[in-house]
>>> print(open('data-v6.tsv').read())   # TSV, C-alpha atoms
chain	number	residue	atom	x	y	z
A	28	MET	CA	-59.67	104.83	-26.76
A	29	ILE	CA	-62.08	102.84	-24.61
A	30	LYS	CA	-64.10	105.10	-22.38
A	31	GLY	CA	-64.65	104.28	-18.75
A	32	ARG	CA	-66.06	105.71	-15.58
A	33	LYS	CA	-63.61	107.79	-13.61
A	34	SER	CA	-61.94	106.51	-10.47
A	35	MET	CA	-60.57	108.71	-7.68
A	36	ALA	CA	-57.35	106.68	-7.37
A	37	GLY	CA	-55.13	109.15	-9.20
A	38	LYS	CA	-52.96	109.57	-12.25
A	39	ILE	CA	-49.78	108.38	-13.87
A	40	TYR	CA	-47.50	110.45	-16.07
A	41	LEU	CA	-45.68	109.69	-19.30
A	42	VAL	CA	-42.64	111.66	-20.43
A	43	GLU	CA	-42.29	111.69	-24.22
A	44	ASP	CA	-38.99	111.82	-26.09
A	45	ASN	CA	-39.48	115.54	-26.72
A	46	GLY	CA	-39.86	116.20	-23.00
A	47	THR	CA	-43.65	116.64	-23.03
A	48	LEU	CA	-45.39	115.37	-19.89
A	49	ARG	CA	-48.67	113.55	-20.46
A	50	SER	CA	-51.16	112.90	-17.71
A	51	LEU	CA	-53.23	109.69	-17.76
A	52	GLU	CA	-56.16	109.41	-15.38
A	53	GLU	CA	-57.34	106.14	-13.88
A	54	GLN	CA	-60.70	104.89	-15.12
A	55	LEU	CA	-62.81	101.92	-14.17
A	56	TYR	CA	-63.78	99.46	-16.89
A	57	ASP	CA	-67.17	99.96	-18.45
A	58	SER	CA	-67.98	96.25	-18.15
A	59	GLU	CA	-66.67	92.99	-16.82
A	60	ASP	CA	-66.71	91.61	-20.36
A	61	LEU	CA	-64.27	94.32	-21.46
A	62	LEU	CA	-61.70	93.18	-18.90
A	63	GLN	CA	-62.30	89.54	-19.84
A	64	THR	CA	-61.71	90.36	-23.51
A	65	LEU	CA	-58.46	92.13	-22.68
A	66	LEU	CA	-57.21	89.00	-20.89
A	67	GLU	CA	-58.21	86.86	-23.85
A	68	ARG	CA	-56.25	89.06	-26.25
A	69	TYR	CA	-53.33	89.84	-23.94
A	70	PRO	CA	-52.65	86.97	-21.50
A	71	ASP	CA	-49.42	88.70	-20.44
A	72	LEU	CA	-51.63	90.97	-18.33
A	73	LEU	CA	-51.56	88.12	-15.78
A	74	ALA	CA	-48.02	89.32	-15.05
A	75	GLY	CA	-46.22	85.97	-15.14
A	76	GLU	CA	-42.91	87.70	-14.45
A	77	GLN	CA	-44.26	88.85	-11.08
A	78	ILE	CA	-45.62	85.41	-10.19
A	79	ASP	CA	-42.24	83.72	-10.76
A	80	GLU	CA	-39.26	86.01	-11.24
A	81	SER	CA	-36.78	83.17	-11.81
A	82	SER	CA	-38.96	81.49	-14.43
A	83	PRO	CA	-41.66	83.92	-15.64
A	84	ARG	CA	-44.96	82.23	-16.33
A	85	ARG	CA	-46.12	82.14	-19.94
A	86	TRP	CA	-49.77	81.55	-20.77
A	87	LEU	CA	-51.82	79.51	-23.20
A	88	LEU	CA	-55.54	80.28	-23.27
A	89	VAL	CA	-57.56	77.07	-23.34
A	90	SER	CA	-60.99	78.70	-23.45
A	91	ARG	CA	-63.23	81.43	-22.15
A	92	GLU	CA	-66.35	80.43	-20.23
A	93	ILE	CA	-65.35	76.81	-19.68
A	94	GLY	CA	-67.79	74.63	-17.76
A	95	VAL	CA	-67.12	72.56	-14.64
A	96	PRO	CA	-69.40	69.64	-13.61
A	97	ASP	CA	-69.96	68.51	-10.03
A	98	ILE	CA	-70.47	64.83	-10.83
A	99	ASP	CA	-68.66	62.44	-13.14
A	100	ARG	CA	-69.77	63.00	-16.75
A	101	GLY	CA	-72.51	65.28	-15.50
A	102	ALA	CA	-73.73	68.55	-16.97
A	103	ASP	CA	-71.67	71.64	-16.24
A	104	ARG	CA	-72.74	73.31	-13.00
A	105	TRP	CA	-70.38	76.29	-13.05
A	106	SER	CA	-68.56	78.34	-15.66
A	107	ILE	CA	-65.04	79.72	-15.22
A	108	ASP	CA	-64.25	82.99	-16.96
A	109	HIS	CA	-60.91	81.79	-18.36
A	110	LEU	CA	-58.76	78.69	-18.23
A	111	PHE	CA	-55.06	79.08	-19.03
A	112	LEU	CA	-52.13	76.66	-18.95
A	113	ASP	CA	-48.58	77.74	-18.17
A	114	GLN	CA	-45.43	76.24	-19.69
A	115	ASP	CA	-45.31	73.56	-16.97
A	116	GLY	CA	-48.86	72.44	-17.76
A	117	VAL	CA	-50.32	73.95	-14.58
A	118	PRO	CA	-54.05	74.70	-15.06
A	119	THR	CA	-54.73	78.32	-14.15
A	120	LEU	CA	-58.35	79.22	-13.38
A	121	VAL	CA	-59.17	82.91	-13.74
A	122	GLU	CA	-62.27	84.65	-12.40
A	123	VAL	CA	-62.86	88.29	-13.39
A	124	LYS	CA	-64.89	90.82	-11.42
A	125	ARG	CA	-65.05	94.60	-11.28
A	126	SER	CA	-64.26	96.20	-7.95
A	127	ASN	CA	-67.78	97.66	-7.65
A	128	ASP	CA	-69.29	94.15	-7.83
A	129	THR	CA	-70.07	93.27	-4.20
A	130	ARG	CA	-69.57	89.56	-4.95
A	131	ILE	CA	-65.83	90.13	-5.26
A	132	ARG	CA	-65.47	90.47	-1.51
A	133	ARG	CA	-66.48	87.00	-0.35
A	134	GLU	CA	-68.85	85.15	-2.66
A	135	VAL	CA	-66.32	84.89	-5.47
A	136	VAL	CA	-63.91	83.03	-3.17
A	137	GLY	CA	-66.41	80.25	-2.52
A	138	GLN	CA	-67.16	80.04	-6.25
A	139	MET	CA	-63.49	79.69	-7.12
A	140	LEU	CA	-62.91	76.98	-4.52
A	141	ASP	CA	-65.89	75.08	-5.95
A	142	TYR	CA	-64.33	75.37	-9.42
A	143	ALA	CA	-60.96	74.11	-8.21
A	144	ALA	CA	-62.25	71.25	-6.05
A	145	ASN	CA	-64.40	69.83	-8.84
A	146	SER	CA	-62.08	70.49	-11.77
A	147	VAL	CA	-59.28	68.36	-10.31
A	148	VAL	CA	-61.74	65.46	-9.98
A	149	TYR	CA	-63.99	65.77	-13.04
A	150	TRP	CA	-61.67	67.33	-15.63
A	151	PRO	CA	-59.40	64.76	-17.26
A	152	SER	CA	-56.74	66.42	-19.38
A	153	GLU	CA	-58.63	65.20	-22.46
A	154	THR	CA	-61.50	67.53	-21.58
A	155	ILE	CA	-59.12	70.47	-21.48
A	156	ARG	CA	-57.39	69.36	-24.66
A	157	LYS	CA	-60.67	69.12	-26.58
A	158	LYS	CA	-61.71	72.58	-25.39
A	159	PHE	CA	-58.37	74.01	-26.50
A	160	GLU	CA	-58.47	72.32	-29.90
A	161	ALA	CA	-62.06	73.47	-30.43
A	162	ARG	CA	-60.97	77.03	-29.72
A	163	CYS	CA	-58.10	76.65	-32.19
A	164	ASP	CA	-60.54	75.45	-34.85
A	165	GLY	CA	-62.72	78.47	-34.14
A	166	ILE	CA	-59.90	80.98	-34.60
A	167	GLY	CA	-58.21	79.06	-37.43
A	168	ASP	CA	-54.94	78.43	-35.58
A	169	ASP	CA	-52.75	75.36	-35.18
A	170	PRO	CA	-52.75	73.80	-31.66
A	171	ARG	CA	-49.26	72.45	-32.22
A	172	ARG	CA	-47.89	75.88	-33.08
A	173	LEU	CA	-49.47	77.51	-30.03
A	174	ILE	CA	-48.06	74.87	-27.70
A	175	ALA	CA	-44.65	75.18	-29.37
A	176	ASP	CA	-44.78	78.93	-28.72
A	177	LEU	CA	-45.71	78.32	-25.08
A	178	LEU	CA	-42.80	75.90	-24.65
A	179	GLU	CA	-40.49	78.17	-26.68
A	180	ILE	CA	-39.79	75.41	-29.19
A	181	ASP	CA	-39.27	76.02	-32.88
A	182	PRO	CA	-42.47	74.67	-34.51
A	183	ARG	CA	-40.27	73.04	-37.15
A	184	ASP	CA	-38.79	70.82	-34.43
A	185	GLU	CA	-40.60	67.91	-32.81
A	186	VAL	CA	-43.13	69.01	-30.20
A	187	ASP	CA	-44.02	66.40	-27.58
A	188	LEU	CA	-47.75	67.11	-27.48
A	189	GLU	CA	-48.60	63.89	-25.65
A	190	GLY	CA	-45.97	64.60	-23.02
A	191	PHE	CA	-47.36	68.09	-22.48
A	192	TRP	CA	-50.95	66.90	-22.02
A	193	GLU	CA	-49.80	64.09	-19.75
A	194	GLN	CA	-48.12	66.70	-17.56
A	195	VAL	CA	-51.39	68.64	-17.45
A	196	ASP	CA	-53.12	65.47	-16.27
A	197	ILE	CA	-50.46	64.81	-13.62
A	198	ASN	CA	-50.86	68.35	-12.29
A	199	LEU	CA	-54.64	68.00	-12.09
A	200	ARG	CA	-54.44	64.70	-10.24
A	201	ALA	CA	-51.96	66.17	-7.78
A	202	GLY	CA	-54.19	69.21	-7.19
A	203	LYS	CA	-51.49	71.44	-8.64
A	204	VAL	CA	-53.63	74.26	-9.98
A	205	ARG	CA	-53.47	78.04	-9.83
A	206	LEU	CA	-56.45	80.22	-8.92
A	207	ILE	CA	-56.35	83.89	-9.94
A	208	PHE	CA	-58.87	86.58	-9.10
A	209	VAL	CA	-58.68	89.53	-11.53
A	210	ALA	CA	-60.18	92.98	-11.01
A	211	ASP	CA	-59.47	96.63	-11.66
A	212	GLU	CA	-58.98	96.95	-7.91
A	213	ILE	CA	-58.67	94.16	-5.36
A	214	PRO	CA	-60.61	95.08	-2.19
A	215	THR	CA	-58.98	94.66	1.21
A	216	GLU	CA	-61.23	91.74	2.20
A	217	LEU	CA	-60.28	89.71	-0.87
A	218	ARG	CA	-56.62	90.63	-0.52
A	219	ARG	CA	-56.51	89.19	3.01
A	220	ILE	CA	-58.30	86.01	1.98
A	221	VAL	CA	-55.96	85.47	-0.99
A	222	GLU	CA	-52.86	86.02	1.14
A	223	PHE	CA	-54.13	83.58	3.77
A	224	LEU	CA	-55.11	80.88	1.27
A	225	ASN	CA	-51.86	81.09	-0.64
A	226	GLU	CA	-49.86	80.65	2.56
A	227	GLN	CA	-51.91	77.61	3.56
A	228	MET	CA	-52.59	75.78	0.28
A	229	ASN	CA	-50.05	73.48	-1.30
A	230	PRO	CA	-49.51	72.54	-4.10
A	231	ALA	CA	-52.39	74.77	-5.24
A	232	GLU	CA	-51.62	78.47	-5.60
A	233	VAL	CA	-54.06	81.34	-4.97
A	234	LEU	CA	-53.36	84.84	-6.29
A	235	ALA	CA	-55.08	88.06	-7.27
A	236	VAL	CA	-54.11	90.36	-10.12
A	237	GLU	CA	-55.13	93.98	-10.05
A	238	ILE	CA	-55.17	95.52	-13.55
A	239	ARG	CA	-55.60	99.28	-13.33
A	240	GLN	CA	-56.48	101.24	-16.45
A	241	TYR	CA	-55.17	104.75	-17.15
A	242	VAL	CA	-56.36	106.74	-20.17
A	243	GLY	CA	-55.88	110.18	-21.65
A	244	GLU	CA	-55.04	111.97	-24.88
A	245	GLY	CA	-55.61	108.93	-27.05
A	246	ILE	CA	-53.43	106.64	-24.92
A	247	LYS	CA	-54.45	103.73	-22.71
A	248	THR	CA	-52.06	102.10	-20.24
A	249	LEU	CA	-52.77	98.89	-18.31
A	250	VAL	CA	-50.80	98.28	-15.12
A	251	PRO	CA	-51.03	94.77	-13.60
A	252	LYS	CA	-49.96	93.99	-10.04
A	253	VAL	CA	-49.91	90.51	-8.48
A	254	ILE	CA	-51.26	90.24	-4.94
A	255	GLY	CA	-50.92	87.35	-2.52
A	256	LEU	CA	-47.42	86.06	-3.26
A	257	LYS	CA	-45.99	84.16	-0.34
A	258	LYS	CA	-44.21	86.48	2.06
A	259	VAL	CA	-41.51	84.00	2.99
A	260	TYR	CA	-39.71	82.39	0.11
A	261	PRO	CA	-37.70	79.20	0.40
A	262	PRO	CA	-34.15	79.17	-0.93
A	263	PRO	CA	-34.08	78.85	-4.71
A	264	GLY	CA	-34.60	75.22	-5.64
A	265	PRO	CA	-33.87	73.28	-8.79
A	266	GLU	CA	-35.94	73.73	-11.91
A	267	ALA	CA	-38.36	70.99	-12.86
A	268	ARG	CA	-36.27	68.02	-13.92
A	269	GLN	CA	-36.85	65.25	-16.38
A	270	TRP	CA	-36.62	62.01	-14.43
A	271	ASP	CA	-35.19	58.79	-15.83
A	272	GLU	CA	-34.54	55.33	-14.45
A	273	GLN	CA	-31.21	56.21	-12.87
A	274	SER	CA	-32.31	59.45	-11.19
A	275	PHE	CA	-35.61	57.88	-10.10
A	276	PHE	CA	-33.97	55.08	-8.14
A	277	GLU	CA	-31.20	57.29	-6.76
A	278	GLU	CA	-33.90	59.52	-5.26
A	279	MET	CA	-36.00	56.59	-4.09
A	280	LYS	CA	-33.03	55.11	-2.21
A	281	ILE	CA	-32.86	58.34	-0.22
A	282	ARG	CA	-36.56	58.47	0.61
A	283	CYS	CA	-37.55	54.80	0.93
A	284	SER	CA	-36.28	51.52	2.32
A	285	LEU	CA	-34.18	49.18	0.17
A	286	GLU	CA	-37.07	46.73	0.25
A	287	GLU	CA	-39.41	49.33	-1.28
A	288	VAL	CA	-36.81	50.19	-3.92
A	289	GLU	CA	-36.57	46.54	-4.93
A	290	ILE	CA	-40.36	46.32	-5.29
A	291	ALA	CA	-40.35	49.37	-7.58
A	292	LYS	CA	-37.58	47.75	-9.65
A	293	LYS	CA	-39.54	44.51	-10.02
A	294	ILE	CA	-42.62	46.41	-11.18
A	295	LEU	CA	-40.46	48.30	-13.68
A	296	GLU	CA	-38.99	45.02	-14.98
A	297	TRP	CA	-42.53	43.76	-15.49
A	298	ALA	CA	-43.39	46.95	-17.36
A	299	LYS	CA	-40.40	46.69	-19.70
A	300	LYS	CA	-41.61	43.28	-20.82
A	301	ASN	CA	-45.34	43.99	-21.06
A	302	VAL	CA	-46.06	47.60	-22.09
A	303	ASP	CA	-45.12	49.82	-25.00
A	304	GLN	CA	-43.64	52.81	-23.20
A	305	ILE	CA	-42.32	53.86	-19.80
A	306	PHE	CA	-43.22	57.51	-19.27
A	307	TRP	CA	-40.87	59.29	-16.85
A	308	GLY	CA	-42.42	62.34	-15.23
A	309	ARG	CA	-41.16	65.86	-14.64
A	310	GLY	CA	-41.02	67.54	-11.23
A	311	LYS	CA	-38.68	69.51	-9.02
A	312	HIS	CA	-38.72	67.07	-6.12
A	313	ASP	CA	-40.88	64.04	-6.91
A	314	GLY	CA	-40.24	61.57	-9.71
A	315	SER	CA	-42.60	59.02	-11.19
A	316	TYR	CA	-42.81	56.39	-13.89
A	317	ILE	CA	-45.96	55.33	-15.71
A	318	PRO	CA	-46.15	52.09	-17.73
A	319	LYS	CA	-48.29	52.85	-20.80
A	320	LEU	CA	-49.87	50.75	-23.52
A	321	TYR	CA	-50.54	51.97	-27.03
A	322	HIS	CA	-53.70	50.40	-28.45
A	323	ASN	CA	-56.25	51.49	-31.05
A	324	GLY	CA	-54.51	54.82	-31.55
A	325	GLN	CA	-54.54	55.75	-27.85
A	326	TYR	CA	-52.19	55.55	-24.90
A	327	HIS	CA	-53.50	53.77	-21.81
A	328	TRP	CA	-52.04	54.39	-18.36
A	329	THR	CA	-51.80	51.46	-15.98
A	330	ILE	CA	-50.27	52.74	-12.71
A	331	ASP	CA	-48.02	55.54	-11.42
A	332	VAL	CA	-45.05	54.71	-9.19
A	333	TRP	CA	-43.53	57.60	-7.19
A	334	THR	CA	-40.10	58.18	-5.66
A	335	TYR	CA	-41.66	58.57	-2.21
A	336	GLY	CA	-42.99	55.00	-2.21
A	337	ILE	CA	-46.56	55.42	-3.42
A	338	ILE	CA	-48.49	53.69	-6.22
A	339	ASP	CA	-51.39	55.53	-7.87
A	340	ILE	CA	-54.22	53.72	-9.64
A	341	PRO	CA	-55.41	56.14	-12.37
A	342	PHE	CA	-59.11	55.25	-12.39
A	343	GLY	CA	-59.88	58.89	-13.25
A	344	TYR	CA	-57.78	58.64	-16.39
A	345	MET	CA	-59.19	55.22	-17.29
A	346	THR	CA	-62.71	56.65	-17.48
A	347	GLY	CA	-61.79	58.07	-20.88
A	348	ARG	CA	-60.42	54.85	-22.39
A	349	PRO	CA	-62.11	51.50	-23.19
A	350	PRO	CA	-62.65	49.03	-21.67
A	351	PHE	CA	-62.30	50.79	-18.31
A	352	ASP	CA	-64.62	53.57	-19.37
A	353	GLU	CA	-67.28	51.07	-18.28
A	354	GLU	CA	-67.96	51.29	-14.55
A	355	SER	CA	-68.32	47.52	-14.28
A	356	LYS	CA	-64.74	47.04	-15.51
A	357	ARG	CA	-63.38	49.56	-13.03
A	358	LEU	CA	-65.30	47.83	-10.26
A	359	GLU	CA	-63.77	44.51	-11.33
A	360	LEU	CA	-60.32	46.07	-11.20
A	361	LEU	CA	-61.14	47.51	-7.77
A	362	LEU	CA	-62.15	44.06	-6.54
A	363	ARG	CA	-58.90	42.51	-7.78
A	364	LEU	CA	-56.84	45.21	-6.08
A	365	ASN	CA	-58.73	44.95	-2.80
A	366	GLN	CA	-58.04	41.21	-2.70
A	367	ILE	CA	-54.37	42.08	-2.16
A	368	PRO	CA	-53.73	42.09	1.62
A	369	GLY	CA	-53.41	45.66	2.85
A	370	VAL	CA	-55.00	47.35	-0.16
A	371	ILE	CA	-58.27	49.05	0.77
A	372	ILE	CA	-59.80	51.29	-1.90
A	373	PRO	CA	-63.40	52.50	-1.32
A	374	ASP	CA	-65.97	51.97	-4.07
A	375	ASP	CA	-66.45	55.72	-4.51
A	376	ARG	CA	-62.84	56.11	-5.72
A	377	ILE	CA	-63.28	54.36	-9.07
A	378	ASP	CA	-63.51	57.73	-10.86
A	379	ARG	CA	-60.52	59.22	-9.06
A	380	PHE	CA	-56.87	58.45	-8.39
A	381	PRO	CA	-56.56	56.35	-5.22
A	382	ARG	CA	-53.15	55.34	-3.96
A	383	PHE	CA	-51.46	52.95	-1.55
A	384	LYS	CA	-48.00	52.47	-0.11
A	385	ILE	CA	-45.63	50.31	-2.12
A	386	SER	CA	-44.55	48.67	1.14
A	387	ILE	CA	-47.88	46.77	1.10
A	388	LEU	CA	-46.33	44.62	-1.64
A	389	LYS	CA	-43.30	43.56	0.44
A	390	ASP	CA	-44.90	40.14	0.91
A	391	GLU	CA	-44.08	38.04	-2.13
A	392	THR	CA	-47.67	36.77	-2.38
A	393	ALA	CA	-49.04	40.33	-2.41
A	394	LEU	CA	-46.55	41.35	-5.11
A	395	CYS	CA	-47.51	38.37	-7.23
A	396	GLN	CA	-51.20	39.25	-6.89
A	397	PHE	CA	-50.44	42.83	-7.93
A	398	VAL	CA	-48.44	41.74	-10.98
A	399	GLU	CA	-51.25	39.35	-11.95
A	400	THR	CA	-53.65	42.30	-11.74
A	401	LEU	CA	-51.37	44.29	-14.03
A	402	ASP	CA	-51.32	41.38	-16.47
A	403	TRP	CA	-55.11	41.37	-16.40
A	404	ILE	CA	-55.25	45.12	-17.11
A	405	VAL	CA	-52.98	44.65	-20.14
A	406	GLN	CA	-55.03	41.71	-21.38
A	407	GLU	CA	-58.30	43.64	-21.04
A	408	ILE	CA	-56.95	46.63	-22.95
A	409	ARG	CA	-55.35	44.55	-25.70
A	410	SER	CA	-58.57	42.58	-26.25
A	411	THR	CA	-60.73	45.70	-26.68
>>> encode(input="data-v6.tsv", output="structure tokens")
Amino acid sequence: MIKGRKSMAGKIYLVEDNGTLRSLEEQLYDSEDLLQTLLERYPDLLAGEQIDESSPRRWLLVSREIGVPDIDRGADRWSIDHLFLDQDGVPTLVEVKRSNDTRIRREVVGQMLDYAANSVVYWPSETIRKKFEARCDGIGDDPRRLIADLLEIDPRDEVDLEGFWEQVDINLRAGKVRLIFVADEIPTELRRIVEFLNEQMNPAEVLAVEIRQYVGEGIKTLVPKVIGLKKVYPPPGPEARQWDEQSFFEEMKIRCSLEEVEIAKKILEWAKKNVDQIFWGRGKHDGSYIPKLYHNGQYHWTIDVWTYGIIDIPFGYMTGRPPFDEESKRLELLLRLNQIPGVIIPDDRIDRFPRFKISILKDETALCQFVETLDWIVQEIRST
């Protein structure tokens, strides 16, 4: 049994099969590290079934004490207590504090928002993947097996590792992350802040998990409770769907003009002739396709096209792949894009994921310039 300092919150009672009543008294954790270690060993303490009753969240620990920089390729400025991924590839940032730590009331909120704001910009999915694989090496486990367990796939079957990490990257770029504050007791001030933020933030999610500890007579019981769930729930929607060409354009016809749909089709026809793979995304409401090249043992993303009529330029992803890992090449690509009438991408976006409306390409000259730029991207990658 792990000893702890007593709390005045009360007791819980266990009734054994023989009718004996056992009393367990609440105790505070001796240290913050103890609670962090429990989360590392037992991720289910994050109570994924409370977070999403229809599809309980399952957790994959990427790393403890993972660093976050505040500039591109800079040194780590902050350190997050835990980083988890759920089965949909949503990065889940966890910060642990004990209730008697005064920082849990306000300061920790600012810290967590710093972590989130910078991680979605300066963490490509490759950074997360390398951290996870390094942890697997350290504990002597197989990354493929752990991801198969997360996805509830038999490890003997094919596991789409690349697809999983691509989904992680898509979530990061969309700002789809989950922030969780963990403590033995969530103070009223933090509870109110979490409830407010979770109502206002979208697609990011902000929650708190209170994990109370009860001990007595050689038994320890941990009782998690999720705080901050949205008070008003929308009607149950569809599960995340795997998009394909047919479903993509059916949805785009609903949300965009026929002219925009035709532009997306022309870009797709270009992609079928010039790249190695069309990656179709997953999402409940929004579909996307990504033309990808396979060169020198790596996949290279070119653009993302979305069902709501937007084109993303994945500069942030390109920073990890030659030749666009060189800033001069990304600046050259930026210049080519900005020569297309209507496209205006600031210089400070060449490490991020700027976007523009597909309707900008409705002029045939603009579309031709864009396709020529895509041809140039392919040529530059192939010649590396």
>>> atom_distance(input="data-v6.tsv", atom1="CA of Asp375 in chain A", atom2="CA of Ile107 in chain A")
26.3 Å
>>> atom_distance(input="data-v6.tsv", atom1="CA of Ile155 in chain A", atom2="CA of Leu360 in chain A")
26.5 Å
>>> atom_distance(input="data-v6.tsv", atom1="CA of Phe276 in chain A", atom2="CA of Lys203 in chain A")
24.0 Å
>>> closest_atom_pairs(input="data-v6.tsv", of="range 199-296 of chain A", to="range 388-403 of chain A", cutoff="10 Å", atoms="all atoms listed in the file", output="tab-separated table")
residue	atom	partner	partner_atom	distance
A:Glu286	CA	A:Lys389	CA	7.0
A:Glu287	CA	A:Lys389	CA	7.2
A:Glu289	CA	A:Lys389	CA	9.1
A:Ile290	CA	A:Lys389	CA	7.0
A:Ala291	CA	A:Leu388	CA	9.7
A:Lys293	CA	A:Leu394	CA	9.1
A:Ile294	CA	A:Val398	CA	7.5
>>> closest_residue(input="data-v6.tsv", among="A:Phe342, A:Tyr56, A:Phe306, A:Phe208", to="Val136 in chain A", atoms="all atoms listed in the file")
A:Phe208
>>> closest_residue(input="data-v6.tsv", among="A:Ile93, A:Ile367, A:Val242, A:Leu72", to="Lys157 in chain A", atoms="only C-alpha atoms")
A:Ile93
>>> closest_atom_pairs(input="data-v6.tsv", of="range 129-240 of chain A", to="range 76-90 of chain A", cutoff="8 Å", atoms="only C-alpha atoms", output="Markdown table")
| residue | atom | partner | partner_atom | distance |
| --- | --- | --- | --- | --- |
| A:Ile155 | CA | A:Val89 | CA | 7.0 |
| A:Arg156 | CA | A:Val89 | CA | 7.8 |
| A:Lys158 | CA | A:Val89 | CA | 6.4 |
| A:Phe159 | CA | A:Val89 | CA | 4.5 |
| A:Arg162 | CA | A:Ser90 | CA | 6.5 |
| A:Leu173 | CA | A:Leu87 | CA | 7.5 |
| A:Ile174 | CA | A:Leu87 | CA | 7.5 |
| A:Leu177 | CA | A:Arg85 | CA | 6.4 |
>>> residues_around(input="data-v6.tsv", residues="Phe380 in chain A", least_positions_apart="2", cutoff="7 Å", atoms="all atoms listed in the file", output="PyMOL selection string")
chain A and resi 200+339-343+376+382
>>> write_last_selection(input="data-v6.tsv", atoms="C-alpha atoms", output="PDB file, keeping the file's coordinate frame")
ATOM      1  CA  ARG A 200     -54.440  64.700 -10.240  1.00  0.00           C
ATOM      2  CA  ASP A 339     -51.390  55.530  -7.870  1.00  0.00           C
ATOM      3  CA  ILE A 340     -54.220  53.720  -9.640  1.00  0.00           C
ATOM      4  CA  PRO A 341     -55.410  56.140 -12.370  1.00  0.00           C
ATOM      5  CA  PHE A 342     -59.110  55.250 -12.390  1.00  0.00           C
ATOM      6  CA  GLY A 343     -59.880  58.890 -13.250  1.00  0.00           C
ATOM      7  CA  ARG A 376     -62.840  56.110  -5.720  1.00  0.00           C
ATOM      8  CA  ARG A 382     -53.150  55.340  -3.960  1.00  0.00           C
TER       9      ARG A 382
END
>>> residues_near_point(input="data-v6.tsv", point="(-61.9, 70.5, -11.7)", cutoff="10 Å", atoms="all atoms listed in the file", output="tab-separated table (two decimals) with C-alpha atoms, in the frame of the given file")
chain	number	residue	atom	x	y	z
A	94	GLY	CA	-67.79	74.63	-17.76
A	95	VAL	CA	-67.12	72.56	-14.64
A	96	PRO	CA	-69.40	69.64	-13.61
A	97	ASP	CA	-69.96	68.51	-10.03
A	118	PRO	CA	-54.05	74.70	-15.06
A	120	LEU	CA	-58.35	79.22	-13.38
A	140	LEU	CA	-62.91	76.98	-4.52
A	141	ASP	CA	-65.89	75.08	-5.95
A	142	TYR	CA	-64.33	75.37	-9.42
A	143	ALA	CA	-60.96	74.11	-8.21
A	144	ALA	CA	-62.25	71.25	-6.05
A	145	ASN	CA	-64.40	69.83	-8.84
A	146	SER	CA	-62.08	70.49	-11.77
A	147	VAL	CA	-59.28	68.36	-10.31
A	148	VAL	CA	-61.74	65.46	-9.98
A	149	TYR	CA	-63.99	65.77	-13.04
A	150	TRP	CA	-61.67	67.33	-15.63
A	151	PRO	CA	-59.40	64.76	-17.26
A	199	LEU	CA	-54.64	68.00	-12.09
A	200	ARG	CA	-54.44	64.70	-10.24
A	202	GLY	CA	-54.19	69.21	-7.19
A	204	VAL	CA	-53.63	74.26	-9.98
>>> residues_around(input="data-v6.tsv", residues="Ile254 in chain A", least_positions_apart="5", cutoff="7 Å", atoms="all atoms listed in the file", output="MDAnalysis selection string")
chainID A and resid 218 234:236
